[in-house]
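Below: final14.cif (mmCIF, C-alpha atoms)
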```
data_final
loop_
_atom_site.group_PDB
_atom_site.id
_atom_site.type_symbol
_atom_site.label_atom_id
_atom_site.label_comp_id
_atom_site.auth_asym_id
_atom_site.auth_seq_id
_atom_site.Cartn_x
_atom_site.Cartn_y
_atom_site.Cartn_z
ATOM 1 C CA GLY A 1 -26.618 71.493 2.694
ATOM 2 C CA ASN A 2 -28.129 70.103 -0.471
ATOM 3 C CA SER A 3 -28.901 72.588 -3.230
ATOM 4 C CA VAL A 4 -29.735 72.940 -6.915
ATOM 5 C CA THR A 5 -28.488 75.626 -9.290
ATOM 6 C CA GLN A 6 -30.174 76.327 -12.615
ATOM 7 C CA MET A 7 -29.304 78.643 -15.453
ATOM 8 C CA GLU A 8 -31.224 81.885 -15.331
ATOM 9 C CA GLY A 9 -33.877 82.616 -17.878
ATOM 10 C CA PRO A 10 -35.722 83.459 -19.811
ATOM 11 C CA VAL A 11 -34.549 81.188 -22.565
ATOM 12 C CA THR A 12 -36.042 82.379 -25.848
ATOM 13 C CA LEU A 13 -36.046 80.063 -28.857
ATOM 14 C CA SER A 14 -37.684 79.707 -32.218
ATOM 15 C CA GLU A 15 -39.807 76.650 -32.894
ATOM 16 C CA GLU A 16 -37.751 73.552 -33.809
ATOM 17 C CA ALA A 17 -34.587 74.903 -32.157
ATOM 18 C CA PHE A 18 -32.430 72.778 -29.841
ATOM 19 C CA LEU A 19 -32.916 73.315 -26.119
ATOM 20 C CA THR A 20 -30.481 72.956 -23.245
ATOM 21 C CA ILE A 21 -31.258 74.080 -19.702
ATOM 22 C CA ASN A 22 -28.327 73.608 -17.346
ATOM 23 C CA CYS A 23 -28.726 72.207 -13.854
ATOM 24 C CA THR A 24 -26.048 71.364 -11.312
ATOM 25 C CA TYR A 25 -26.482 70.100 -7.800
ATOM 26 C CA THR A 26 -24.701 69.815 -4.472
ATOM 27 C CA ALA A 27 -25.598 66.856 -2.316
ATOM 28 C CA THR A 28 -24.260 64.445 0.230
ATOM 29 C CA GLY A 29 -25.019 60.895 -0.680
ATOM 30 C CA TYR A 30 -26.805 59.841 -3.837
ATOM 31 C CA PRO A 31 -29.967 61.826 -4.472
ATOM 32 C CA SER A 32 -32.579 61.224 -7.108
ATOM 33 C CA LEU A 33 -32.881 64.010 -9.684
ATOM 34 C CA PHE A 34 -36.000 65.416 -11.301
ATOM 35 C CA TRP A 35 -37.221 67.918 -13.835
ATOM 36 C CA TYR A 36 -40.633 69.426 -13.166
ATOM 37 C CA VAL A 37 -42.543 71.685 -15.575
ATOM 38 C CA GLN A 38 -45.053 74.386 -14.684
ATOM 39 C CA TYR A 39 -47.357 75.597 -17.436
ATOM 40 C CA PRO A 40 -49.036 78.990 -16.977
ATOM 41 C CA GLY A 41 -51.672 78.895 -14.250
ATOM 42 C CA GLU A 42 -51.021 75.259 -13.393
ATOM 43 C CA GLY A 43 -49.236 73.263 -10.718
ATOM 44 C CA LEU A 44 -45.969 71.403 -11.075
ATOM 45 C CA GLN A 45 -45.887 68.289 -13.223
ATOM 46 C CA LEU A 46 -43.120 65.723 -13.206
ATOM 47 C CA LEU A 47 -41.394 65.752 -16.590
ATOM 48 C CA LEU A 48 -38.693 63.140 -16.022
ATOM 49 C CA LYS A 49 -36.471 61.657 -13.359
ATOM 50 C CA ALA A 50 -33.285 59.657 -12.799
ATOM 51 C CA THR A 51 -32.491 57.754 -9.641
ATOM 52 C CA LYS A 52 -28.820 56.829 -10.030
ATOM 53 C CA ALA A 53 -25.656 57.858 -11.821
ATOM 54 C CA ASP A 54 -25.654 57.476 -15.620
ATOM 55 C CA ASP A 55 -29.431 56.969 -15.708
ATOM 56 C CA LYS A 56 -31.182 58.859 -18.489
ATOM 57 C CA GLY A 57 -34.682 60.148 -17.878
ATOM 58 C CA SER A 58 -36.847 60.905 -20.909
ATOM 59 C CA ASN A 59 -40.392 62.040 -21.654
ATOM 60 C CA LYS A 60 -42.176 63.976 -24.426
ATOM 61 C CA GLY A 61 -38.910 64.355 -26.356
ATOM 62 C CA PHE A 62 -37.053 65.782 -23.350
ATOM 63 C CA GLU A 63 -33.981 64.006 -21.943
ATOM 64 C CA ALA A 64 -31.595 64.436 -19.039
ATOM 65 C CA THR A 65 -28.680 62.277 -17.905
ATOM 66 C CA TYR A 66 -27.573 61.967 -14.278
ATOM 67 C CA ARG A 67 -23.850 62.850 -14.348
ATOM 68 C CA LYS A 68 -22.259 62.169 -10.994
ATOM 69 C CA GLU A 69 -18.767 63.233 -12.095
ATOM 70 C CA THR A 70 -19.956 66.720 -13.039
ATOM 71 C CA THR A 71 -22.902 66.792 -10.566
ATOM 72 C CA SER A 72 -25.185 67.808 -13.408
ATOM 73 C CA PHE A 73 -28.604 66.947 -14.821
ATOM 74 C CA HIS A 74 -29.005 69.143 -17.899
ATOM 75 C CA LEU A 75 -32.353 69.124 -19.709
ATOM 76 C CA GLU A 76 -32.304 68.794 -23.513
ATOM 77 C CA LYS A 77 -34.789 68.617 -26.355
ATOM 78 C CA GLY A 78 -33.903 68.344 -29.990
ATOM 79 C CA SER A 79 -36.780 70.385 -31.418
ATOM 80 C CA VAL A 80 -38.937 72.597 -29.219
ATOM 81 C CA GLN A 81 -42.538 73.538 -29.893
ATOM 82 C CA VAL A 82 -44.546 76.591 -28.912
ATOM 83 C CA SER A 83 -46.454 74.354 -26.505
ATOM 84 C CA ASP A 84 -43.233 73.722 -24.554
ATOM 85 C CA SER A 85 -43.309 77.313 -23.284
ATOM 86 C CA ALA A 86 -43.333 76.986 -19.506
ATOM 87 C CA VAL A 87 -41.129 77.235 -16.422
ATOM 88 C CA TYR A 88 -38.816 74.262 -15.843
ATOM 89 C CA PHE A 89 -37.567 73.324 -12.382
ATOM 90 C CA CYS A 90 -34.664 71.047 -11.599
ATOM 91 C CA ALA A 91 -34.943 69.288 -8.245
ATOM 92 C CA LEU A 92 -33.263 66.694 -6.097
ATOM 93 C CA SER A 93 -34.681 64.522 -3.403
ATOM 94 C CA ASP A 94 -32.774 63.780 -0.288
ATOM 95 C CA THR A 95 -34.645 60.947 1.340
ATOM 96 C CA ASP A 96 -38.282 61.893 0.711
ATOM 97 C CA LYS A 97 -38.426 65.632 0.167
ATOM 98 C CA LEU A 98 -37.704 67.766 -2.864
ATOM 99 C CA ILE A 99 -35.261 70.658 -3.056
ATOM 100 C CA PHE A 100 -35.869 72.877 -6.075
ATOM 101 C CA GLY A 101 -33.817 75.198 -8.186
ATOM 102 C CA THR A 102 -35.140 78.672 -8.956
ATOM 103 C CA GLY A 103 -36.664 77.672 -12.268
ATOM 104 C CA THR A 104 -35.935 78.608 -15.885
ATOM 105 C CA ARG A 105 -38.602 80.183 -18.057
ATOM 106 C CA LEU A 106 -38.669 78.923 -21.647
ATOM 107 C CA GLN A 107 -40.379 80.976 -24.328
ATOM 108 C CA VAL A 108 -40.768 79.415 -27.769
ATOM 109 C CA PHE A 109 -41.903 81.563 -30.685
ATOM 110 C CA PRO A 110 -43.318 80.331 -33.991
ATOM 111 C CA GLU B 1 -56.977 58.517 -10.585
ATOM 112 C CA ALA B 2 -57.907 61.853 -9.022
ATOM 113 C CA GLY B 3 -55.026 64.221 -8.421
ATOM 114 C CA VAL B 4 -54.191 66.472 -5.495
ATOM 115 C CA ALA B 5 -57.032 68.919 -4.902
ATOM 116 C CA GLN B 6 -56.512 72.381 -3.451
ATOM 117 C CA SER B 7 -58.844 75.240 -2.666
ATOM 118 C CA PRO B 8 -59.300 78.068 -3.098
ATOM 119 C CA ARG B 9 -57.395 78.772 -6.318
ATOM 120 C CA TYR B 10 -57.031 82.463 -5.565
ATOM 121 C CA LYS B 11 -57.290 84.575 -2.429
ATOM 122 C CA ILE B 12 -56.774 88.273 -1.822
ATOM 123 C CA ILE B 13 -56.617 89.535 1.758
ATOM 124 C CA GLU B 14 -55.418 92.577 3.611
ATOM 125 C CA LYS B 15 -52.323 92.414 5.800
ATOM 126 C CA ARG B 16 -52.986 91.304 9.361
ATOM 127 C CA GLN B 17 -56.004 89.251 8.262
ATOM 128 C CA SER B 18 -56.064 85.468 8.512
ATOM 129 C CA VAL B 19 -56.437 82.923 5.719
ATOM 130 C CA ALA B 20 -56.689 79.153 5.394
ATOM 131 C CA PHE B 21 -55.932 76.798 2.527
ATOM 132 C CA TRP B 22 -57.202 73.271 2.081
ATOM 133 C CA CYS B 23 -55.595 70.238 0.452
ATOM 134 C CA ASN B 24 -56.887 66.763 -0.326
ATOM 135 C CA PRO B 25 -54.055 64.437 -1.378
ATOM 136 C CA ILE B 26 -54.191 61.484 -3.707
ATOM 137 C CA SER B 27 -56.056 58.621 -2.070
ATOM 138 C CA GLY B 28 -53.737 56.357 -0.122
ATOM 139 C CA HIS B 29 -50.777 58.719 -0.093
ATOM 140 C CA ALA B 30 -49.329 58.824 3.394
ATOM 141 C CA THR B 31 -46.989 61.773 2.896
ATOM 142 C CA LEU B 32 -48.266 65.311 2.379
ATOM 143 C CA TYR B 33 -46.210 68.451 1.765
ATOM 144 C CA TRP B 34 -46.921 72.175 1.766
ATOM 145 C CA TYR B 35 -44.592 74.318 -0.340
ATOM 146 C CA GLN B 36 -44.401 78.098 -0.681
ATOM 147 C CA GLN B 37 -43.495 79.451 -4.119
ATOM 148 C CA ILE B 38 -42.679 83.154 -4.198
ATOM 149 C CA LEU B 39 -42.761 84.759 -7.639
ATOM 150 C CA GLY B 40 -39.522 84.080 -9.511
ATOM 151 C CA GLN B 41 -38.302 81.459 -7.042
ATOM 152 C CA GLY B 42 -38.464 77.714 -6.715
ATOM 153 C CA PRO B 43 -40.870 76.091 -4.272
ATOM 154 C CA LYS B 44 -39.689 75.984 -0.671
ATOM 155 C CA LEU B 45 -40.850 73.265 1.705
ATOM 156 C CA LEU B 46 -42.870 74.585 4.636
ATOM 157 C CA ILE B 47 -44.016 71.374 6.284
ATOM 158 C CA GLN B 48 -44.102 67.634 5.666
ATOM 159 C CA PHE B 49 -46.589 65.200 7.213
ATOM 160 C CA GLN B 50 -46.365 61.433 7.384
ATOM 161 C CA ASN B 51 -49.941 60.295 7.991
ATOM 162 C CA ASN B 52 -51.070 62.792 10.657
ATOM 163 C CA GLY B 53 -47.642 63.360 12.218
ATOM 164 C CA VAL B 54 -45.205 66.164 11.379
ATOM 165 C CA VAL B 55 -41.911 64.958 9.888
ATOM 166 C CA ASP B 56 -40.308 68.303 9.074
ATOM 167 C CA ASP B 57 -41.508 71.823 9.876
ATOM 168 C CA SER B 58 -38.107 73.458 10.186
ATOM 169 C CA GLN B 59 -38.916 76.091 7.515
ATOM 170 C CA LEU B 60 -42.405 76.936 8.792
ATOM 171 C CA PRO B 61 -42.661 80.422 10.380
ATOM 172 C CA LYS B 62 -44.438 79.130 13.432
ATOM 173 C CA ASP B 63 -45.265 82.545 14.851
ATOM 174 C CA ARG B 64 -47.839 83.027 12.090
ATOM 175 C CA PHE B 65 -48.179 79.783 10.125
ATOM 176 C CA SER B 66 -49.844 76.606 11.328
ATOM 177 C CA ALA B 67 -50.837 73.387 9.623
ATOM 178 C CA GLU B 68 -52.699 70.276 10.565
ATOM 179 C CA ARG B 69 -53.598 66.983 9.009
ATOM 180 C CA LEU B 70 -56.366 65.435 11.003
ATOM 181 C CA LYS B 71 -57.059 61.743 10.385
ATOM 182 C CA GLY B 72 -54.054 61.555 8.090
ATOM 183 C CA VAL B 73 -55.945 62.652 4.963
ATOM 184 C CA ASP B 74 -56.933 66.282 4.307
ATOM 185 C CA SER B 75 -54.747 69.118 5.466
ATOM 186 C CA THR B 76 -55.175 72.809 6.152
ATOM 187 C CA LEU B 77 -52.524 75.514 6.202
ATOM 188 C CA LYS B 78 -53.323 78.729 8.057
ATOM 189 C CA ILE B 79 -51.643 82.116 8.162
ATOM 190 C CA GLN B 80 -52.526 84.491 10.994
ATOM 191 C CA PRO B 81 -51.788 87.369 10.758
ATOM 192 C CA ALA B 82 -50.710 87.675 7.132
ATOM 193 C CA LYS B 83 -47.868 89.919 6.008
ATOM 194 C CA LEU B 84 -47.185 91.405 2.602
ATOM 195 C CA GLU B 85 -44.247 89.022 2.110
ATOM 196 C CA ASP B 86 -46.594 86.038 2.406
ATOM 197 C CA SER B 87 -47.855 86.774 -1.107
ATOM 198 C CA ALA B 88 -47.018 83.570 -2.984
ATOM 199 C CA VAL B 89 -48.435 80.402 -4.458
ATOM 200 C CA TYR B 90 -48.984 77.689 -1.861
ATOM 201 C CA LEU B 91 -48.556 74.246 -3.307
ATOM 202 C CA CYS B 92 -49.703 71.008 -1.766
ATOM 203 C CA ALA B 93 -48.136 67.713 -2.835
ATOM 204 C CA SER B 94 -48.423 64.083 -1.833
ATOM 205 C CA SER B 95 -46.413 60.924 -2.287
ATOM 206 C CA GLY B 96 -46.981 57.240 -1.661
ATOM 207 C CA GLN B 97 -45.051 54.467 0.084
ATOM 208 C CA GLY B 98 -41.424 54.101 -0.916
ATOM 209 C CA TYR B 99 -41.267 57.637 -2.270
ATOM 210 C CA THR B 100 -40.576 57.808 -5.991
ATOM 211 C CA GLU B 101 -42.069 61.188 -6.826
ATOM 212 C CA ALA B 102 -44.358 63.861 -5.449
ATOM 213 C CA PHE B 103 -47.630 64.834 -7.130
ATOM 214 C CA PHE B 104 -48.624 68.474 -6.943
ATOM 215 C CA GLY B 105 -51.940 70.282 -6.825
ATOM 216 C CA GLN B 106 -52.643 73.415 -8.855
ATOM 217 C CA GLY B 107 -51.821 75.643 -5.936
ATOM 218 C CA THR B 108 -53.467 78.585 -4.191
ATOM 219 C CA ARG B 109 -52.304 82.025 -5.246
ATOM 220 C CA LEU B 110 -52.364 84.354 -2.225
ATOM 221 C CA THR B 111 -52.095 88.102 -2.595
ATOM 222 C CA VAL B 112 -51.704 90.165 0.577
ATOM 223 C CA VAL B 113 -52.416 93.873 0.102
#
```
Using structure tokens, write down the structure from this file.
Amino acid sequence: GNSVTQMEGPVTLSEEAFLTINCTYTATGYPSLFWYVQYPGEGLQLLLKATKADDKGSNKGFEATYRKETTSFHLEKGSVQVSDSAVYFCALSDTDKLIFGTGTRLQVFP
Amino acid sequence: EAGVAQSPRYKIIEKRQSVAFWCNPISGHATLYWYQQILGQGPKLLIQFQNNGVVDDSQLPKDRFSAERLKGVDSTLKIQPAKLEDSAVYLCASSGQGYTEAFFGQGTRLTVV
């Protein structure tokens, strides 16, 4: 079945460091791919998405490119801030439901 | 635009008791989802409604969990009787026509002791 695999956390970085969180997927067909973020005590918020191969999703300085050849959707940010500390979930949608990875906790220190 | 509303935010119950959660989706959204998020894991779909009909409940433990969406708007999720392993955050989400993304509520954190 369809599934998403994320790198385990926590990822610990200093402010202004470069961030990469790896995400790979297994799917039949051509799913849409998403990154959701969960700040402490809050629900999931959509960070960015890509609906077809080679699409790049971007938001708030974060980017991810839909790579069909490597079945990946890695999340990147050039310079993280303390306020980016949260749990990040990679997800795919097959038809109209989301399948999530296990999440990666990011901790950014000043 | 108002988001997905859930209540209560927190609930602590003893095992074998019953509990109910409420969700009000974004106005006009036909599809409503209930997800279970156990600590350290990603959300897992429990049930999906399209209007007031069930589309997918394959992951719902039907011996103890039930859900309804009367009139195709609000929804309630019930657990009876609760077990310790039901401790989790229960997330409600909704999406509109021609699904492009799901919008999530803040969730209900359930602790079963």
Quick check on the file I pasted: which residues fall under the PyMOL selection byres ((chain B) within 12 of (chain A))? Write them as a short mmCIF file (atom, residue, chain, number, x, y, z; two decimals) with C-alpha atoms, in the coordinates of the input.
```cif
data_model
loop_
_atom_site.label_atom_id
_atom_site.label_comp_id
_atom_site.auth_asym_id
_atom_site.auth_seq_id
_atom_site.Cartn_x
_atom_site.Cartn_y
_atom_site.Cartn_z
CA GLY B 3 -55.03 64.22 -8.42
CA VAL B 4 -54.19 66.47 -5.50
CA ALA B 5 -57.03 68.92 -4.90
CA GLN B 6 -56.51 72.38 -3.45
CA ARG B 9 -57.40 78.77 -6.32
CA TYR B 10 -57.03 82.46 -5.56
CA ALA B 30 -49.33 58.82 3.39
CA THR B 31 -46.99 61.77 2.90
CA LEU B 32 -48.27 65.31 2.38
CA TYR B 33 -46.21 68.45 1.76
CA TRP B 34 -46.92 72.18 1.77
CA TYR B 35 -44.59 74.32 -0.34
CA GLN B 36 -44.40 78.10 -0.68
CA GLN B 37 -43.50 79.45 -4.12
CA ILE B 38 -42.68 83.15 -4.20
CA LEU B 39 -42.76 84.76 -7.64
CA GLY B 40 -39.52 84.08 -9.51
CA GLN B 41 -38.30 81.46 -7.04
CA GLY B 42 -38.46 77.71 -6.72
CA PRO B 43 -40.87 76.09 -4.27
CA LYS B 44 -39.69 75.98 -0.67
CA LEU B 45 -40.85 73.26 1.70
CA LEU B 46 -42.87 74.58 4.64
CA ILE B 47 -44.02 71.37 6.28
CA GLN B 48 -44.10 67.63 5.67
CA PHE B 49 -46.59 65.20 7.21
CA GLN B 50 -46.36 61.43 7.38
CA VAL B 55 -41.91 64.96 9.89
CA ASP B 56 -40.31 68.30 9.07
CA ASP B 57 -41.51 71.82 9.88
CA VAL B 89 -48.44 80.40 -4.46
CA TYR B 90 -48.98 77.69 -1.86
CA LEU B 91 -48.56 74.25 -3.31
CA CYS B 92 -49.70 71.01 -1.77
CA ALA B 93 -48.14 67.71 -2.84
CA SER B 94 -48.42 64.08 -1.83
CA SER B 95 -46.41 60.92 -2.29
CA GLY B 96 -46.98 57.24 -1.66
CA GLN B 97 -45.05 54.47 0.08
CA GLY B 98 -41.42 54.10 -0.92
CA TYR B 99 -41.27 57.64 -2.27
CA THR B 100 -40.58 57.81 -5.99
CA GLU B 101 -42.07 61.19 -6.83
CA ALA B 102 -44.36 63.86 -5.45
CA PHE B 103 -47.63 64.83 -7.13
CA PHE B 104 -48.62 68.47 -6.94
CA GLY B 105 -51.94 70.28 -6.82
CA GLN B 106 -52.64 73.42 -8.86
CA GLY B 107 -51.82 75.64 -5.94
CA THR B 108 -53.47 78.58 -4.19
CA ARG B 109 -52.30 82.02 -5.25
#
```
>> Between atom CA of Pro10 of chain A and atom CA of Leu47 of chain A, what is the distance in Å, rounded to a tenth?
In response: 18.9 Å
When the PyMOL selection byres ((chain B and resi 81) around 7) is applied to the file above, which residues end up in the set, as a PDB file with C-alpha atoms, in the frame of the given file?
```
ATOM      1  CA  ARG B  16     -52.986  91.304   9.361  1.00  0.00           C
ATOM      2  CA  GLN B  17     -56.004  89.251   8.262  1.00  0.00           C
ATOM      3  CA  SER B  18     -56.064  85.468   8.512  1.00  0.00           C
ATOM      4  CA  ARG B  64     -47.839  83.027  12.090  1.00  0.00           C
ATOM      5  CA  ILE B  79     -51.643  82.116   8.162  1.00  0.00           C
ATOM      6  CA  GLN B  80     -52.526  84.491  10.994  1.00  0.00           C
ATOM      7  CA  ALA B  82     -50.710  87.675   7.132  1.00  0.00           C
ATOM      8  CA  LYS B  83     -47.868  89.919   6.008  1.00  0.00           C
TER       9      LYS B  83
END
```
Padded axis-aligned box of segment 31-34 of chain B (5 Å per side), centre and edge lengths, Å, one decimal, as AutoDock Vina command-line options:
```
--center_x -47.2 --center_y 67.0 --center_z 2.3 --size_x 12.1 --size_y 20.4 --size_z 11.1
```
> Nearest to Leu75 of chain A: which of A:Glu16, A:Ile21, A:Ser58, A:Leu33 is it, counting all atoms listed in the file?
Replying inline: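 So, comparing all the options, the nearest one is A:Ile21.
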> Can you list, as a ChimeraX atom specification, the residues that the PyMOL selection byres ((chain A and resi 27) around 6) selects here?
Replying inline: /A:2,26,28
>> Please compute the atom CA of Thr70 of chain A-atom CA of Asn22 of chain A distance, one decimal, in Å.
In response: 11.7 Å
> By how many Å are atom CA of Tyr30 of chain A and atom CA of Glu76 of chain A apart?
Replying inline: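 We find that atom CA of Tyr30 of chain A and atom CA of Glu76 of chain A lie 22.3 Å from each other.
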> Given the choices A:Leu19, A:Tyr66, A:Met7, A:Tyr25, which gets closest to Val108 of chain A if the distance is worked out from all atoms listed in the file?
Replying inline: A:Leu19
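Considering the residues B:Leu84, B:Val113, B:Val73, B:Ile12 and counting all atoms listed in the file, His29 of chain B has its shortest atom-to-atom contact with B:Val73.
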Please work out which residues fall within 9 Å of (-54.4, 68.3, 3.8), coordinates as given in the file, with only C-alpha atoms counting, and return them as a JSON list (two decimals) with C-alpha atoms, in the frame of the given file.
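Result written to result-v1.json:
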```
[["chain", "number", "residue", "atom", "x", "y", "z"],
["B", 6, "GLN", "CA", -56.51, 72.38, -3.45],
["B", 21, "PHE", "CA", -55.93, 76.80, 2.53],
["B", 22, "TRP", "CA", -57.20, 73.27, 2.08],
["B", 23, "CYS", "CA", -55.60, 70.24, 0.45],
["B", 24, "ASN", "CA", -56.89, 66.76, -0.33],
["B", 25, "PRO", "CA", -54.06, 64.44, -1.38],
["B", 32, "LEU", "CA", -48.27, 65.31, 2.38],
["B", 33, "TYR", "CA", -46.21, 68.45, 1.76],
["B", 34, "TRP", "CA", -46.92, 72.18, 1.77],
["B", 67, "ALA", "CA", -50.84, 73.39, 9.62],
["B", 68, "GLU", "CA", -52.70, 70.28, 10.56],
["B", 69, "ARG", "CA", -53.60, 66.98, 9.01],
["B", 70, "LEU", "CA", -56.37, 65.44, 11.00],
["B", 72, "GLY", "CA", -54.05, 61.56, 8.09],
["B", 73, "VAL", "CA", -55.94, 62.65, 4.96],
["B", 74, "ASP", "CA", -56.93, 66.28, 4.31],
["B", 75, "SER", "CA", -54.75, 69.12, 5.47],
["B", 76, "THR", "CA", -55.18, 72.81, 6.15],
["B", 77, "LEU", "CA", -52.52, 75.51, 6.20],
["B", 92, "CYS", "CA", -49.70, 71.01, -1.77]]
```
